[in-house]
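Here's the structure, in structure tokens; my notes come after.
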Amino acid sequence: MTSKYLGSTEGLTVISADDQSVTYITSEYNSGVQVGDIKLAALSDTDATNVVGSELVTNGTFDTDVSGWTLSEGDGTIAYSSGTAVVTYGTAPTSFQQTFATVIGKTYTITATLTGGTSSIRQFYYKDSSDVSVPVNDNPSIPQSSTFTATTTTLKVWMRVAGSGTGTYDNISVRLADQDRSVNANGLQVHGTITKTPVATGADLVGYSGFSSSNYLEQPYNSDLDFGTGDFSVMGWVNLTATGSTEGIFTRGDNLTGAYIWLRETAGILTLKVSDDSNATSDSVSTATLPTGVWHLITFGKRDNTYFIDVNNTSVSTPVSAAAATLSNTSATLILGLEFNGSGAVNGSLALFRISATAPSAQQIKDIYEAERPLFNENAQAALYGTSDSVTALAHDSDTNLLHVGTSAGRSVFQGLQRVDNTTTAVGSAISASNGLVVED
């Protein structure tokens with residue numbers, strides 16, 4: 001059976017024959033294969049422009065005072081209390097706000113933590129083209145987050161108490177994000193400067209590098225990554241430029257407090273460390289050394305109650321029992337390219353990182369490796385030709401196994417996930433392809 005293909009105004013969707021995975025392709029990215037219960041698909045751009053992320057909120061941590069916040073609604077007050085901001089309802093709903101510039105088309109992640117309060121209606125909002133509420137619940141210290149793509153050049157965020165009493169807020173943050181291409185759309189915040197360069201000379205897909213204690217990618221607490229006692233998997237491409245000291249490729253936790261998942265590399269050897277702080281740490285160590293200067297697909301996680309590591313399409317570790325570890329941690333953040341404590345930055349590049357609440361089979365890993373490996377070759381094209389994402393026509397040639405995708409920019413020809421040819425004449429409403437002969441209207 002062959003894959004299934006869907007075209008829409010938002011691009012091309014490739015669905016595996018068994019309906020167990022999906023890939024999204026546009027003129028700007030190739031998401032890579034998203035398998036199972038996908039929770040994140042990032043680092044998939046074809047734009048080689050470096051990304052620079054800084055904190056846009058002034059005094060969102062309230063370390064010493066509540067300066068930088070302006071009353072925008074009502075007649076209540078704001079006060080500093082032990083490193084938090086306390087908003088008090090007056091005679092009407094009360095809001096305190098900040099406004100700052102955004103770039104249309106860029107993605108941002110907003111976070112806020114509700115640490116307490118007595119009002120029954122405590123809210124946190126952001127606004128660009130419309131008012132949107134970032135959900136803030138009554139569970140103390142659990143940060144709430146929202147990711148959005150800017151449609152205007154100005155963004156407003158505000159704390160709001162709409163019922164009698166108080167609301168206590170902390171750790172309000174807005175940062176530029178690398179987009180999550182899964183259905184969850186929950187991006188990775190950019191800290192510092194992340195370098196983006198083609199994965200090979202002339203290739204579309206870019207790798208993310210330049211990691212350091214001040215340059216890394218982070219996702220605030222995300223309940224989707226609390227896997228409990230269930231299976232999970234992380235999959236991504238890694239190209240090391242140097243090995244030796246210990247480097248953190250992937251961490252999800254709170255500096256070894258509570259449950260954590262931690263993939264490290266030392267002298268080219270991978271170690272997966274997993275713990276819930278109640279059960280003994282489980283380590284799965286690879287038996288192979290990763291050569292430098294070469295892209296590898298690394299897949300790790302928990303399958304059938306054991307932890308595993310695969311490199312490319314080969315198991316490189318002895319499966320380790322997962323024991324009774326419960327991998328849920330409401331203080332956990334996800335970091336790519338750096339260890340928990342700000343040391344151990346990766347010397348190399350990362351691309352196409354995905355997280356799933358299910359674990360792929362050995363055959364699925366093999367299929368994904370074979371489908372994505374061509375994207376890392378010289379001159380490999382991974383996206384729709386041109387700048388239009390709107391697919392006007394589709395045709396699959398079963399004789400050549402080529403997929404023809406029409407847009408206003410021309411016809412993109414795909415072999416698997418790689419674009420191998422294109423035309424520059426707009427395609428109208430139909431394409432017919434058989435035995436290498438293509439007719440379009």
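Ordered as shown in the structure tokens, chains take letters A, B, and onward, while each chain numbers its residues from 1 and ligands are numbered from 1 in the order shown.
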Legend entry - Contacts of stretch 353-359 of chain A within 8 Å, only C-alpha atoms, excl. fewer than 5 positions in-chain, as JSON, numbers by chain: {"A": [34, 35, 36, 37, 38, 39, 40, 41, 42, 43, 44, 225, 227, 230, 231, 232, 233, 234, 235, 236, 237, 301, 302, 303]}
Inset, instruction - Write out as number ranges by chain each polymer residue whose atoms come within 7 Å of A:Glu218, counting only C-alpha atoms; drop sequence neighbours fewer than 4 positions from it. - result: A: 188-190, 333-336
Legend entry - Shell around A:Asp276 at 10 Å using only C-alpha atoms, local window under 4 positions removed, as JSON, numbers by chain: {"A": [228, 253, 256, 257, 258, 259, 260, 261, 280, 281, 282, 324, 325, 326, 327, 328, 329]}
Any chance you can output those residues with N, CA and C atoms as a compact mmCIF listing (two decimals), in the first residue's frame?
```txt
# COMPACT_ATOMS: atom_id res chain seq x y z
N GLY A 228 3.37 9.93 32.77
CA GLY A 228 2.96 8.99 33.80
C GLY A 228 3.73 7.68 33.69
N GLY A 253 12.68 18.17 32.75
CA GLY A 253 12.62 18.00 34.19
C GLY A 253 12.81 19.31 34.89
N LEU A 256 16.85 17.79 38.05
CA LEU A 256 16.94 16.51 38.75
C LEU A 256 16.06 16.45 39.99
N THR A 257 15.11 17.38 40.14
CA THR A 257 14.14 17.30 41.22
C THR A 257 12.84 16.75 40.65
N GLY A 258 12.35 15.67 41.21
CA GLY A 258 11.16 15.05 40.67
C GLY A 258 11.49 14.26 39.41
N ALA A 259 10.46 13.95 38.63
CA ALA A 259 10.63 13.13 37.43
C ALA A 259 11.42 13.89 36.37
N TYR A 260 12.30 13.17 35.69
CA TYR A 260 13.04 13.78 34.58
C TYR A 260 13.38 12.74 33.52
N ILE A 261 13.60 13.24 32.31
CA ILE A 261 14.08 12.45 31.17
C ILE A 261 15.27 13.20 30.62
N ALA A 280 14.60 4.25 41.75
CA ALA A 280 16.00 4.39 41.35
C ALA A 280 16.10 4.85 39.90
N THR A 281 17.10 5.67 39.62
CA THR A 281 17.32 6.13 38.26
C THR A 281 17.58 4.95 37.34
N SER A 282 16.95 4.98 36.19
CA SER A 282 17.16 3.94 35.19
C SER A 282 18.02 4.52 34.07
N ALA A 324 8.91 1.19 38.19
CA ALA A 324 7.61 1.79 38.50
C ALA A 324 7.64 3.30 38.35
N ALA A 325 8.58 3.83 37.62
CA ALA A 325 8.73 5.27 37.48
C ALA A 325 7.48 5.91 36.88
N THR A 326 7.05 7.01 37.49
CA THR A 326 5.92 7.80 36.99
C THR A 326 6.46 9.12 36.49
N LEU A 327 6.45 9.32 35.17
CA LEU A 327 7.12 10.46 34.56
C LEU A 327 6.17 11.64 34.40
N SER A 328 5.78 12.20 35.55
CA SER A 328 4.96 13.41 35.57
C SER A 328 5.60 14.38 36.55
N ASN A 329 5.70 15.65 36.13
CA ASN A 329 6.38 16.65 36.95
C ASN A 329 5.86 18.03 36.57
```
Legend entry - Who sits within 10 Å of A:Gly7, only C-alpha atoms, same chain under 6 positions skipped, as a VMD selection string: chain A and resid 13 to 14 25 389 to 394 405 to 407
Keeping only N, CA and C atoms, take the residues you just selected and write them out as an mmCIF file, in the first residue's frame.
```cif
data_model
loop_
_atom_site.group_PDB
_atom_site.id
_atom_site.type_symbol
_atom_site.label_atom_id
_atom_site.label_comp_id
_atom_site.auth_asym_id
_atom_site.auth_seq_id
_atom_site.Cartn_x
_atom_site.Cartn_y
_atom_site.Cartn_z
ATOM 1 N N THR A 13 -0.318 17.227 3.004
ATOM 2 C CA THR A 13 -0.315 16.280 4.111
ATOM 3 C C THR A 13 -0.076 14.883 3.564
ATOM 4 N N VAL A 14 0.915 14.196 4.132
ATOM 5 C CA VAL A 14 1.242 12.825 3.737
ATOM 6 C C VAL A 14 0.889 11.910 4.909
ATOM 7 N N ILE A 25 3.950 19.280 4.833
ATOM 8 C CA ILE A 25 4.939 19.953 3.989
ATOM 9 C C ILE A 25 4.322 21.229 3.429
ATOM 10 N N ASP A 389 1.473 28.053 -0.330
ATOM 11 C CA ASP A 389 1.165 26.793 0.344
ATOM 12 C C ASP A 389 -0.144 26.180 -0.143
ATOM 13 N N SER A 390 -0.892 26.913 -0.910
ATOM 14 C CA SER A 390 -2.209 26.465 -1.344
ATOM 15 C C SER A 390 -2.084 25.473 -2.491
ATOM 16 N N VAL A 391 -2.468 24.221 -2.222
ATOM 17 C CA VAL A 391 -2.364 23.149 -3.224
ATOM 18 C C VAL A 391 -3.600 23.184 -4.115
ATOM 19 N N THR A 392 -3.366 23.315 -5.415
ATOM 20 C CA THR A 392 -4.474 23.404 -6.367
ATOM 21 C C THR A 392 -4.806 22.062 -7.012
ATOM 22 N N ALA A 393 -3.856 21.129 -7.039
ATOM 23 C CA ALA A 393 -4.097 19.825 -7.665
ATOM 24 C C ALA A 393 -3.057 18.824 -7.178
ATOM 25 N N LEU A 394 -3.418 17.543 -7.197
ATOM 26 C CA LEU A 394 -2.531 16.461 -6.794
ATOM 27 C C LEU A 394 -2.673 15.291 -7.759
ATOM 28 N N VAL A 405 2.500 17.819 -7.146
ATOM 29 C CA VAL A 405 1.727 18.748 -6.313
ATOM 30 C C VAL A 405 1.700 20.107 -6.998
ATOM 31 N N GLY A 406 0.510 20.575 -7.342
ATOM 32 C CA GLY A 406 0.382 21.841 -8.039
ATOM 33 C C GLY A 406 0.056 22.998 -7.096
ATOM 34 N N THR A 407 0.685 24.147 -7.336
ATOM 35 C CA THR A 407 0.362 25.394 -6.645
ATOM 36 C C THR A 407 0.433 26.517 -7.673
#
```
Inset, instruction - Just give me the gap between atom CA of A:Asp204 and atom CA of A:Ser146 in Å, one decimal is fine. - result: 28.9 Å
Legend entry - Of the listed residues A:Thr77, A:Thr9, A:Thr229, A:Thr107, that which approaches A:Ser95 most closely, counting only C-alpha atoms: A:Thr77
Legend entry - From A:Gly53, A:Gly90, A:Gly60, A:Pro220, residue lying nearest A:Thr193 [only C-alpha atoms]: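 Comparing A:Gly53, A:Gly90, A:Gly60, A:Pro220 against A:Thr193, the winner is A:Gly53.
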With only C-alpha atoms counted and 8 Å as the cut-off, give the residues of stretch 290-390 of chain A in contact with stretch 238-251 of chain A, each with its shortest interatomic distance in Å and the pair that gives it, as JSON lines.
```
{"residue": "A:Pro291", "atom": "CA", "partner": "A:Leu240", "partner_atom": "CA", "distance": 7.6}
{"residue": "A:Thr292", "atom": "CA", "partner": "A:Leu240", "partner_atom": "CA", "distance": 4.9}
{"residue": "A:Gly293", "atom": "CA", "partner": "A:Thr241", "partner_atom": "CA", "distance": 5.5}
{"residue": "A:Val294", "atom": "CA", "partner": "A:Asn239", "partner_atom": "CA", "distance": 5.4}
{"residue": "A:Trp295", "atom": "CA", "partner": "A:Asn239", "partner_atom": "CA", "distance": 4.5}
{"residue": "A:His296", "atom": "CA", "partner": "A:Val238", "partner_atom": "CA", "distance": 5.3}
{"residue": "A:Leu297", "atom": "CA", "partner": "A:Val238", "partner_atom": "CA", "distance": 6.5}
{"residue": "A:Ile298", "atom": "CA", "partner": "A:Val238", "partner_atom": "CA", "distance": 7.0}
{"residue": "A:Leu334", "atom": "CA", "partner": "A:Thr251", "partner_atom": "CA", "distance": 5.8}
{"residue": "A:Ile335", "atom": "CA", "partner": "A:Thr251", "partner_atom": "CA", "distance": 5.3}
{"residue": "A:Leu336", "atom": "CA", "partner": "A:Phe250", "partner_atom": "CA", "distance": 4.9}
{"residue": "A:Gly337", "atom": "CA", "partner": "A:Ile249", "partner_atom": "CA", "distance": 4.9}
{"residue": "A:Leu338", "atom": "CA", "partner": "A:Gly248", "partner_atom": "CA", "distance": 4.8}
{"residue": "A:Glu339", "atom": "CA", "partner": "A:Gly248", "partner_atom": "CA", "distance": 4.4}
{"residue": "A:Phe340", "atom": "CA", "partner": "A:Thr251", "partner_atom": "CA", "distance": 6.6}
{"residue": "A:Ser343", "atom": "CA", "partner": "A:Glu247", "partner_atom": "CA", "distance": 7.8}
{"residue": "A:Gly344", "atom": "CA", "partner": "A:Glu247", "partner_atom": "CA", "distance": 4.2}
{"residue": "A:Ala345", "atom": "CA", "partner": "A:Glu247", "partner_atom": "CA", "distance": 5.4}
{"residue": "A:Val346", "atom": "CA", "partner": "A:Glu247", "partner_atom": "CA", "distance": 5.2}
{"residue": "A:Asn347", "atom": "CA", "partner": "A:Thr241", "partner_atom": "CA", "distance": 5.6}
{"residue": "A:Gly348", "atom": "CA", "partner": "A:Leu240", "partner_atom": "CA", "distance": 4.2}
{"residue": "A:Ser349", "atom": "CA", "partner": "A:Asn239", "partner_atom": "CA", "distance": 5.1}
{"residue": "A:Leu350", "atom": "CA", "partner": "A:Val238", "partner_atom": "CA", "distance": 4.8}
{"residue": "A:Ala351", "atom": "CA", "partner": "A:Val238", "partner_atom": "CA", "distance": 6.7}
```
Requested write-out: C-alpha atoms of the selected residues, as a PDB file, in the first residue's frame:
```pdb
ATOM      1  CA  PRO A 291      30.980   9.643  14.460  1.00  0.00           C
ATOM      2  CA  THR A 292      31.204  13.429  14.210  1.00  0.00           C
ATOM      3  CA  GLY A 293      30.225  15.391  11.117  1.00  0.00           C
ATOM      4  CA  VAL A 294      27.423  12.991  10.187  1.00  0.00           C
ATOM      5  CA  TRP A 295      23.674  13.327  10.697  1.00  0.00           C
ATOM      6  CA  HIS A 296      22.100  10.558  12.805  1.00  0.00           C
ATOM      7  CA  LEU A 297      18.460   9.871  13.601  1.00  0.00           C
ATOM      8  CA  ILE A 298      18.302   9.263  17.350  1.00  0.00           C
ATOM      9  CA  LEU A 334      11.848  20.930  28.198  1.00  0.00           C
ATOM     10  CA  ILE A 335      15.290  22.075  27.020  1.00  0.00           C
ATOM     11  CA  LEU A 336      17.049  21.212  23.752  1.00  0.00           C
ATOM     12  CA  GLY A 337      20.794  21.678  23.327  1.00  0.00           C
ATOM     13  CA  LEU A 338      21.723  22.150  26.985  1.00  0.00           C
ATOM     14  CA  GLU A 339      21.707  20.332  30.309  1.00  0.00           C
ATOM     15  CA  PHE A 340      19.484  21.227  33.269  1.00  0.00           C
ATOM     16  CA  SER A 343      26.216  23.509  31.350  1.00  0.00           C
ATOM     17  CA  GLY A 344      26.950  20.790  28.819  1.00  0.00           C
ATOM     18  CA  ALA A 345      25.825  22.555  25.647  1.00  0.00           C
ATOM     19  CA  VAL A 346      25.717  20.427  22.495  1.00  0.00           C
ATOM     20  CA  ASN A 347      28.624  20.875  20.078  1.00  0.00           C
ATOM     21  CA  GLY A 348      26.707  20.350  16.865  1.00  0.00           C
ATOM     22  CA  SER A 349      23.332  20.727  15.199  1.00  0.00           C
ATOM     23  CA  LEU A 350      19.811  19.437  15.815  1.00  0.00           C
ATOM     24  CA  ALA A 351      16.886  19.079  13.394  1.00  0.00           C
TER      25      ALA A 351
END
```
Legend entry - Expected answer as number ranges by chain: strand (DSSP E or B) residues in stretch 207-412 of chain A: A: 207-209, 216-219, 228, 232-240, 247-253, 260-266, 269-275, 282-286, 296-303, 306-311, 314-315, 317, 320-321, 327, 333-336, 348-356, 381, 393-397, 402-407, 410-412
All helix (DSSP H, G or I) residues (DSSP, backbone) inside stretch 216-385 of chain A, as a PDB file with C-alpha atoms, in the first residue's frame:
```
ATOM      1  CA  SER A 223       1.055  18.728  30.724  1.00  0.00           C
ATOM      2  CA  ASP A 224       1.119  16.782  27.427  1.00  0.00           C
ATOM      3  CA  LEU A 225       4.646  15.669  28.357  1.00  0.00           C
ATOM      4  CA  ALA A 362      11.418  -1.030  15.121  1.00  0.00           C
ATOM      5  CA  GLN A 363       9.844  -1.203  11.654  1.00  0.00           C
ATOM      6  CA  GLN A 364       8.380   2.295  11.989  1.00  0.00           C
ATOM      7  CA  ILE A 365      11.766   3.695  13.022  1.00  0.00           C
ATOM      8  CA  LYS A 366      13.340   2.015   9.986  1.00  0.00           C
ATOM      9  CA  ASP A 367      10.670   3.447   7.680  1.00  0.00           C
ATOM     10  CA  ILE A 368      11.053   6.946   9.124  1.00  0.00           C
ATOM     11  CA  TYR A 369      14.837   6.827   8.830  1.00  0.00           C
ATOM     12  CA  GLU A 370      14.644   5.754   5.190  1.00  0.00           C
ATOM     13  CA  ALA A 371      12.038   8.432   4.409  1.00  0.00           C
ATOM     14  CA  GLU A 372      13.931  11.308   6.052  1.00  0.00           C
ATOM     15  CA  ARG A 373      17.564  10.424   5.327  1.00  0.00           C
ATOM     16  CA  PRO A 374      17.423  11.842   1.747  1.00  0.00           C
ATOM     17  CA  LEU A 375      16.540  15.281   3.170  1.00  0.00           C
ATOM     18  CA  PHE A 376      20.063  15.494   4.646  1.00  0.00           C
TER      19      PHE A 376
END
```
Legend entry - Near-A:Phe96 list (12 Å; only C-alpha atoms; drop same-chain fewer than 2 positions) as a PyMOL selection string: chain A and resi 60+66-79+85-89+93-94+98-99+123-126+156-162+167+169
Inset, instruction - Could you please determine the separation between atom CA of A:Ala150 and atom CA of A:Tyr108 in Å, to one decimal place? - result: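 Computing it gives 7.4 Å between the two atoms.
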Legend entry - For A:Arg181, the nearest of the candidates A:Gln97, A:Thr26, A:Thr102, A:Thr299, counting only C-alpha atoms: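 Between A:Gln97, A:Thr26, A:Thr102, A:Thr299, the residue approaching A:Arg181 most closely is A:Thr26.
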